[in-house]
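See below for coords.cif, which holds mmCIF, C-alpha atoms.
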```cif
data_run
loop_
_atom_site.label_atom_id
_atom_site.label_comp_id
_atom_site.auth_asym_id
_atom_site.auth_seq_id
_atom_site.Cartn_x
_atom_site.Cartn_y
_atom_site.Cartn_z
CA MET A 1 118.43 191.39 51.78
CA GLY A 2 121.74 192.07 50.15
CA ALA A 3 123.94 191.32 53.17
CA ASN A 4 125.88 188.78 51.08
CA LEU A 5 126.79 191.62 48.68
CA LEU A 6 128.78 193.41 51.36
CA ASP A 7 132.56 193.44 51.38
CA LYS A 8 134.90 194.24 54.26
CA THR A 9 134.92 197.95 53.44
CA ASP A 10 131.10 198.03 53.55
CA VAL A 11 131.17 196.30 56.93
CA LYS A 12 133.69 198.82 58.27
CA ILE A 13 131.45 201.67 57.07
CA LEU A 14 128.43 200.06 58.72
CA SER A 15 130.33 199.58 61.95
CA LEU A 16 131.32 203.26 62.02
CA LEU A 17 127.78 204.41 61.22
CA GLN A 18 126.28 202.14 63.90
CA ARG A 19 128.48 203.79 66.51
CA ASP A 20 127.77 207.33 65.36
CA ALA A 21 125.77 208.20 62.25
CA SER A 22 126.70 211.87 62.61
CA VAL A 23 130.36 211.22 61.74
CA ALA A 24 131.39 213.29 58.74
CA LEU A 25 131.66 211.49 55.42
CA THR A 26 135.28 212.62 55.12
CA GLU A 27 136.13 210.93 58.42
CA ILE A 28 134.41 207.69 57.43
CA ALA A 29 136.17 207.71 54.06
CA GLU A 30 139.53 208.27 55.74
CA GLN A 31 138.99 205.42 58.20
CA VAL A 32 138.14 202.95 55.42
CA ASN A 33 140.86 204.21 53.04
CA LEU A 34 138.56 205.65 50.37
CA THR A 35 137.94 209.08 48.97
CA THR A 36 134.60 210.67 49.78
CA THR A 37 132.82 209.94 46.47
CA PRO A 38 133.23 206.13 46.48
CA CYS A 39 132.47 206.09 50.21
CA TRP A 40 129.27 208.07 49.65
CA LYS A 41 128.32 205.71 46.78
CA ARG A 42 128.73 202.70 49.06
CA ILE A 43 126.58 204.28 51.78
CA ASN A 44 123.95 205.26 49.22
CA ARG A 45 123.94 201.72 47.74
CA MET A 46 123.49 200.19 51.21
CA GLN A 47 120.58 202.59 51.85
CA GLN A 48 118.96 201.60 48.57
CA MET A 49 119.48 197.91 49.40
CA GLY A 50 117.75 198.43 52.74
CA VAL A 51 120.82 197.46 54.78
CA ILE A 52 120.78 200.98 56.22
CA ARG A 53 117.12 201.53 57.04
CA ARG A 54 117.44 205.06 58.44
CA GLN A 55 119.61 207.31 60.55
CA VAL A 56 118.20 208.51 63.86
CA ALA A 57 119.14 210.23 67.10
CA LEU A 58 119.16 207.91 70.12
CA LEU A 59 117.68 209.67 73.12
CA ASP A 60 118.58 209.04 76.75
CA ALA A 61 115.42 207.73 78.43
CA ALA A 62 116.69 208.66 81.92
CA HIS A 63 117.14 212.31 80.93
CA LEU A 64 113.55 212.28 79.70
CA LYS A 65 112.37 210.63 82.93
CA LEU A 66 111.23 207.52 81.07
CA ASP A 67 112.46 205.27 83.85
CA LEU A 68 110.16 202.23 83.70
CA ILE A 69 110.89 199.45 81.23
CA ALA A 70 108.34 196.64 81.06
CA MET A 71 108.34 193.41 79.10
CA VAL A 72 104.71 192.60 78.40
CA GLN A 73 103.84 189.09 77.27
CA LEU A 74 100.56 188.43 75.52
CA LYS A 75 98.53 185.30 74.84
CA THR A 76 95.62 185.05 72.45
CA GLN A 77 93.42 182.40 70.91
CA GLN A 78 93.01 184.61 67.84
CA HIS A 79 95.30 183.63 64.98
CA SER A 80 93.45 184.81 61.88
CA ARG A 81 95.16 187.12 59.40
CA GLN A 82 92.52 189.80 60.09
CA TRP A 83 93.11 189.70 63.87
CA PHE A 84 96.87 189.88 63.31
CA ASN A 85 96.55 192.90 60.99
CA ASP A 86 94.26 194.65 63.50
CA PHE A 87 96.70 193.82 66.30
CA LEU A 88 99.60 195.35 64.35
CA LEU A 89 97.65 198.54 63.70
CA GLN A 90 96.82 198.87 67.40
CA ILE A 91 100.39 198.19 68.55
CA LYS A 92 101.90 200.61 66.03
CA ASP A 93 99.61 203.32 67.41
CA LEU A 94 100.86 202.86 71.00
CA GLU A 95 103.91 205.12 71.33
CA GLU A 96 104.97 203.43 74.57
CA VAL A 97 105.66 200.18 72.68
CA MET A 98 109.28 200.32 71.61
CA GLU A 99 109.51 196.78 70.26
CA CYS A 100 107.05 194.00 69.45
CA TYR A 101 107.86 190.38 68.70
CA ARG A 102 105.81 187.37 67.64
CA MET A 103 107.09 184.60 69.86
CA ALA A 104 107.49 180.84 69.87
CA GLY A 105 106.76 179.20 73.19
CA GLU A 106 104.28 179.92 75.96
CA TYR A 107 103.38 183.46 74.90
CA ASP A 108 102.32 184.65 71.45
CA TYR A 109 103.72 188.19 71.55
CA MET A 110 106.17 190.20 73.62
CA LEU A 111 106.27 193.98 73.87
CA LYS A 112 109.01 196.20 75.22
CA VAL A 113 107.26 199.17 76.80
CA VAL A 114 108.93 202.35 78.08
CA VAL A 115 107.02 204.79 80.32
CA GLN A 116 107.70 207.27 83.11
CA ASP A 117 106.44 205.32 86.11
CA MET A 118 103.97 202.73 87.37
CA ARG A 119 101.04 205.14 87.04
CA SER A 120 101.96 205.66 83.38
CA PHE A 121 102.26 201.91 82.92
CA ASP A 122 98.82 201.37 84.42
CA ALA A 123 97.38 203.89 81.93
CA PHE A 124 99.20 202.09 79.11
CA TYR A 125 97.92 198.70 80.31
CA LYS A 126 94.33 199.93 80.38
CA LYS A 127 94.72 201.38 76.88
CA LEU A 128 96.25 198.13 75.61
CA VAL A 129 93.55 195.81 76.92
CA SER A 130 90.74 198.11 75.82
CA ARG A 131 92.11 198.42 72.25
CA VAL A 132 93.39 194.92 71.55
CA THR A 133 90.57 192.42 71.57
CA GLY A 134 91.04 188.69 71.92
CA LEU A 135 93.82 188.68 74.52
CA THR A 136 93.55 185.78 76.95
CA GLU A 137 96.51 186.67 79.16
CA VAL A 138 98.70 189.73 79.73
CA THR A 139 101.78 189.30 81.94
CA SER A 140 104.27 192.06 82.70
CA SER A 141 107.79 192.00 84.08
CA PHE A 142 109.62 195.15 85.08
CA ALA A 143 113.31 195.87 84.62
CA MET A 144 115.02 196.88 87.84
CA GLU A 145 118.22 197.96 86.12
CA GLN A 146 119.39 198.12 82.51
CA LEU A 147 122.73 196.34 82.38
CA LYS A 148 123.34 196.46 78.64
CA TYR A 149 121.77 198.44 75.84
CA THR A 150 123.00 198.70 72.29
CA THR A 151 121.60 199.34 68.86
CA GLU A 152 124.74 197.96 67.17
CA LEU A 153 124.20 194.70 65.33
CA PRO A 154 127.02 192.13 65.57
CA LEU A 155 128.95 192.36 62.30
CA SER A 156 131.80 189.99 63.16
CA ALA A 157 130.39 187.30 60.84
CA TYR A 158 131.23 189.60 57.91
CA SER A 159 134.84 190.23 58.93
#
```
Go through the file and emit its structure as structure tokens.
Amino acid sequence: MGANLLDKTDVKILSLLQRDASVALTEIAEQVNLTTTPCWKRINRMQQMGVIRRQVALLDAAHLKLDLIAMVQLKTQQHSRQWFNDFLLQIKDLEEVMECYRMAGEYDYMLKVVVQDMRSFDAFYKKLVSRVTGLTEVTSSFAMEQLKYTTELPLSAYS
């Protein structure tokens, strides 16, 4: 929503905020050649539009000993609206699930799960299959090494 209402200055602001949302407003304004008030108004407008959903701290999983990343693929024969709503409630309640996608192709859903170790994953798996009814297949793949990680969306199309 609203991405077509962004100009080049908005995109520069977004790029700066994606890299580091703790940057002072005065520094952002300086880098985009604005004074602080119009810069703040642009940021506020983009928050109201929903372009900026929220500002968060990104934590280092390794420092927190959350070393196991699993991609969990799910199949189901359940496709009713009620089952889907129940599924979403269950998934949202599982803190280990970092991301969830409805998929096209062989699997219906894919979860990105982050836990400490294989024992923690096994506990998560047992919790998942006991809470989510109607699953016909659960397949997991484990990341051996994270080669790229970013939260920055590609904004080059707006340049």
What does the PyMOL selection byres ((chain A and resi 27-35) around 9) select in this file, as a PDB file with C-alpha atoms, in the coordinates of the input?
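Result saved to part_5.pdb:
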```
ATOM      1  CA  THR A   9     134.920 197.950  53.440  1.00  0.00           C
ATOM      2  CA  ASP A  10     131.100 198.030  53.550  1.00  0.00           C
ATOM      3  CA  LYS A  12     133.690 198.820  58.270  1.00  0.00           C
ATOM      4  CA  ILE A  13     131.450 201.670  57.070  1.00  0.00           C
ATOM      5  CA  LEU A  16     131.320 203.260  62.020  1.00  0.00           C
ATOM      6  CA  LEU A  17     127.780 204.410  61.220  1.00  0.00           C
ATOM      7  CA  VAL A  23     130.360 211.220  61.740  1.00  0.00           C
ATOM      8  CA  ALA A  24     131.390 213.290  58.740  1.00  0.00           C
ATOM      9  CA  LEU A  25     131.660 211.490  55.420  1.00  0.00           C
ATOM     10  CA  THR A  26     135.280 212.620  55.120  1.00  0.00           C
ATOM     11  CA  THR A  36     134.600 210.670  49.780  1.00  0.00           C
ATOM     12  CA  THR A  37     132.820 209.940  46.470  1.00  0.00           C
ATOM     13  CA  PRO A  38     133.230 206.130  46.480  1.00  0.00           C
ATOM     14  CA  CYS A  39     132.470 206.090  50.210  1.00  0.00           C
ATOM     15  CA  TRP A  40     129.270 208.070  49.650  1.00  0.00           C
TER      16      TRP A  40
END
```
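Residues matched by the PyMOL selection byres ((chain A and resi 127) around 12) in this file: Gln90, Ile91, Asp93, Leu94, Glu95, Glu96, Val97, Ser120, Phe121, Asp122, Ala123, Phe124, Tyr125, Lys126, Leu128, Val129, Ser130, Arg131, Val132 and Thr133 of chain A.
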Item to complete: For the structure provided, state which residues fall under the PyMOL selection byres ((chain A and resi 53) around 12), and present them as a PyMOL selection string.
Response: chain A and resi 1+14+17-18+43-52+54-56
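Of note, atom CA of A:Lys75 and atom CA of A:Asp108 are spaced 5.1 Å apart.
Going from atom CA of A:Tyr109 to atom CA of A:Pro154 covers 24.4 Å.
Considering the residues A:Thr150, A:Gly134, A:Arg19, A:Asp7 and counting only C-alpha atoms, A:Gln78 has its shortest atom-to-atom contact with A:Gly134.
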Discussion item. Would you pick out the contacts of stretch 63-72 of chain A at 7 Å or less, using all atoms listed in the file, so that residues sharing its chain but fewer than 3 positions from it are not included, and give the list as an MDAnalysis selection string?
Written reply: chainID A and resid 60 110:117 138:143
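In this structure, atom CA of A:Glu137 sits 20.6 Å away from atom CA of A:Arg119.
Distances from A:Met103, A:Leu5, A:Val11, A:Ala62 to A:Gln146 were compared using all atoms listed in the file, and the smallest one belongs to A:Ala62.
Counting all atoms listed in the file, the residue from A:Leu88, A:Leu74, A:Leu135, A:Ala57 that sits nearest to A:Gly105 is A:Leu74.
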Completion of stretch 50-79 of chain A up to N, CA and C atoms, as a PDB file, keeping the file's coordinate frame:
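Output contents, as saved in result.pdb:
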```pdb
ATOM      1  N   GLY A  50     118.492 198.622  51.504  1.00  0.00           N
ATOM      2  CA  GLY A  50     117.750 198.430  52.740  1.00  0.00           C
ATOM      3  C   GLY A  50     118.605 197.961  53.897  1.00  0.00           C
ATOM      4  N   VAL A  51     119.919 197.833  53.686  1.00  0.00           N
ATOM      5  CA  VAL A  51     120.820 197.460  54.780  1.00  0.00           C
ATOM      6  C   VAL A  51     120.840 198.575  55.815  1.00  0.00           C
ATOM      7  N   ILE A  52     120.923 199.808  55.347  1.00  0.00           N
ATOM      8  CA  ILE A  52     120.780 200.980  56.220  1.00  0.00           C
ATOM      9  C   ILE A  52     119.340 201.433  56.075  1.00  0.00           C
ATOM     10  N   ARG A  53     118.546 201.193  57.111  1.00  0.00           N
ATOM     11  CA  ARG A  53     117.120 201.530  57.040  1.00  0.00           C
ATOM     12  C   ARG A  53     116.875 203.016  57.216  1.00  0.00           C
ATOM     13  N   ARG A  54     117.569 203.631  58.185  1.00  0.00           N
ATOM     14  CA  ARG A  54     117.440 205.060  58.440  1.00  0.00           C
ATOM     15  C   ARG A  54     118.481 205.476  59.447  1.00  0.00           C
ATOM     16  N   GLN A  55     118.679 206.769  59.571  1.00  0.00           N
ATOM     17  CA  GLN A  55     119.610 207.310  60.550  1.00  0.00           C
ATOM     18  C   GLN A  55     118.801 208.140  61.536  1.00  0.00           C
ATOM     19  N   VAL A  56     119.012 207.873  62.825  1.00  0.00           N
ATOM     20  CA  VAL A  56     118.200 208.510  63.860  1.00  0.00           C
ATOM     21  C   VAL A  56     119.072 209.012  64.997  1.00  0.00           C
ATOM     22  N   ALA A  57     118.484 209.822  65.853  1.00  0.00           N
ATOM     23  CA  ALA A  57     119.140 210.230  67.100  1.00  0.00           C
ATOM     24  C   ALA A  57     118.634 209.304  68.197  1.00  0.00           C
ATOM     25  N   LEU A  58     119.542 208.752  68.984  1.00  0.00           N
ATOM     26  CA  LEU A  58     119.160 207.910  70.120  1.00  0.00           C
ATOM     27  C   LEU A  58     119.081 208.799  71.347  1.00  0.00           C
ATOM     28  N   LEU A  59     117.924 208.806  71.966  1.00  0.00           N
ATOM     29  CA  LEU A  59     117.680 209.670  73.120  1.00  0.00           C
ATOM     30  C   LEU A  59     117.957 208.910  74.408  1.00  0.00           C
ATOM     31  N   ASP A  60     118.335 209.624  75.443  1.00  0.00           N
ATOM     32  CA  ASP A  60     118.580 209.040  76.750  1.00  0.00           C
ATOM     33  C   ASP A  60     117.275 209.037  77.544  1.00  0.00           C
ATOM     34  N   ALA A  61     116.708 207.859  77.749  1.00  0.00           N
ATOM     35  CA  ALA A  61     115.420 207.730  78.430  1.00  0.00           C
ATOM     36  C   ALA A  61     115.469 208.325  79.843  1.00  0.00           C
ATOM     37  N   ALA A  62     116.582 208.153  80.546  1.00  0.00           N
ATOM     38  CA  ALA A  62     116.690 208.660  81.920  1.00  0.00           C
ATOM     39  C   ALA A  62     116.594 210.193  81.941  1.00  0.00           C
ATOM     40  N   HIS A  63     117.217 210.848  80.991  1.00  0.00           N
ATOM     41  CA  HIS A  63     117.140 212.310  80.930  1.00  0.00           C
ATOM     42  C   HIS A  63     115.713 212.793  80.660  1.00  0.00           C
ATOM     43  N   LEU A  64     114.936 211.938  80.016  1.00  0.00           N
ATOM     44  CA  LEU A  64     113.550 212.280  79.700  1.00  0.00           C
ATOM     45  C   LEU A  64     112.573 211.731  80.745  1.00  0.00           C
ATOM     46  N   LYS A  65     113.145 211.189  81.832  1.00  0.00           N
ATOM     47  CA  LYS A  65     112.370 210.630  82.930  1.00  0.00           C
ATOM     48  C   LYS A  65     111.452 209.479  82.482  1.00  0.00           C
ATOM     49  N   LEU A  66     111.918 208.730  81.506  1.00  0.00           N
ATOM     50  CA  LEU A  66     111.230 207.520  81.070  1.00  0.00           C
ATOM     51  C   LEU A  66     111.956 206.349  81.722  1.00  0.00           C
ATOM     52  N   ASP A  67     111.660 206.150  83.000  1.00  0.00           N
ATOM     53  CA  ASP A  67     112.460 205.270  83.850  1.00  0.00           C
ATOM     54  C   ASP A  67     111.939 203.838  83.981  1.00  0.00           C
ATOM     55  N   LEU A  68     110.735 203.561  83.507  1.00  0.00           N
ATOM     56  CA  LEU A  68     110.160 202.230  83.700  1.00  0.00           C
ATOM     57  C   LEU A  68     110.163 201.464  82.390  1.00  0.00           C
ATOM     58  N   ILE A  69     110.854 200.338  82.387  1.00  0.00           N
ATOM     59  CA  ILE A  69     110.890 199.450  81.230  1.00  0.00           C
ATOM     60  C   ILE A  69     110.128 198.185  81.609  1.00  0.00           C
ATOM     61  N   ALA A  70     109.133 197.841  80.800  1.00  0.00           N
ATOM     62  CA  ALA A  70     108.340 196.640  81.060  1.00  0.00           C
ATOM     63  C   ALA A  70     108.403 195.719  79.857  1.00  0.00           C
ATOM     64  N   MET A  71     108.481 194.434  80.126  1.00  0.00           N
ATOM     65  CA  MET A  71     108.340 193.410  79.100  1.00  0.00           C
ATOM     66  C   MET A  71     106.948 192.829  79.292  1.00  0.00           C
ATOM     67  N   VAL A  72     106.107 193.012  78.303  1.00  0.00           N
ATOM     68  CA  VAL A  72     104.710 192.600  78.400  1.00  0.00           C
ATOM     69  C   VAL A  72     104.506 191.416  77.468  1.00  0.00           C
ATOM     70  N   GLN A  73     104.061 190.305  78.048  1.00  0.00           N
ATOM     71  CA  GLN A  73     103.840 189.090  77.270  1.00  0.00           C
ATOM     72  C   GLN A  73     102.349 188.878  77.098  1.00  0.00           C
ATOM     73  N   LEU A  74     101.970 188.562  75.862  1.00  0.00           N
ATOM     74  CA  LEU A  74     100.560 188.430  75.520  1.00  0.00           C
ATOM     75  C   LEU A  74     100.239 187.045  74.992  1.00  0.00           C
ATOM     76  N   LYS A  75      99.077 186.541  75.402  1.00  0.00           N
ATOM     77  CA  LYS A  75      98.530 185.300  74.840  1.00  0.00           C
ATOM     78  C   LYS A  75      97.200 185.629  74.198  1.00  0.00           C
ATOM     79  N   THR A  76      96.912 184.908  73.126  1.00  0.00           N
ATOM     80  CA  THR A  76      95.620 185.050  72.450  1.00  0.00           C
ATOM     81  C   THR A  76      95.220 183.723  71.853  1.00  0.00           C
ATOM     82  N   GLN A  77      93.931 183.564  71.651  1.00  0.00           N
ATOM     83  CA  GLN A  77      93.420 182.400  70.910  1.00  0.00           C
ATOM     84  C   GLN A  77      93.105 182.808  69.469  1.00  0.00           C
ATOM     85  N   GLN A  78      93.301 184.071  69.174  1.00  0.00           N
ATOM     86  CA  GLN A  78      93.010 184.610  67.840  1.00  0.00           C
ATOM     87  C   GLN A  78      94.262 184.488  66.972  1.00  0.00           C
ATOM     88  N   HIS A  79      94.137 183.784  65.853  1.00  0.00           N
ATOM     89  CA  HIS A  79      95.300 183.630  64.980  1.00  0.00           C
ATOM     90  C   HIS A  79      94.948 183.852  63.509  1.00  0.00           C
TER      91      HIS A  79
END
```
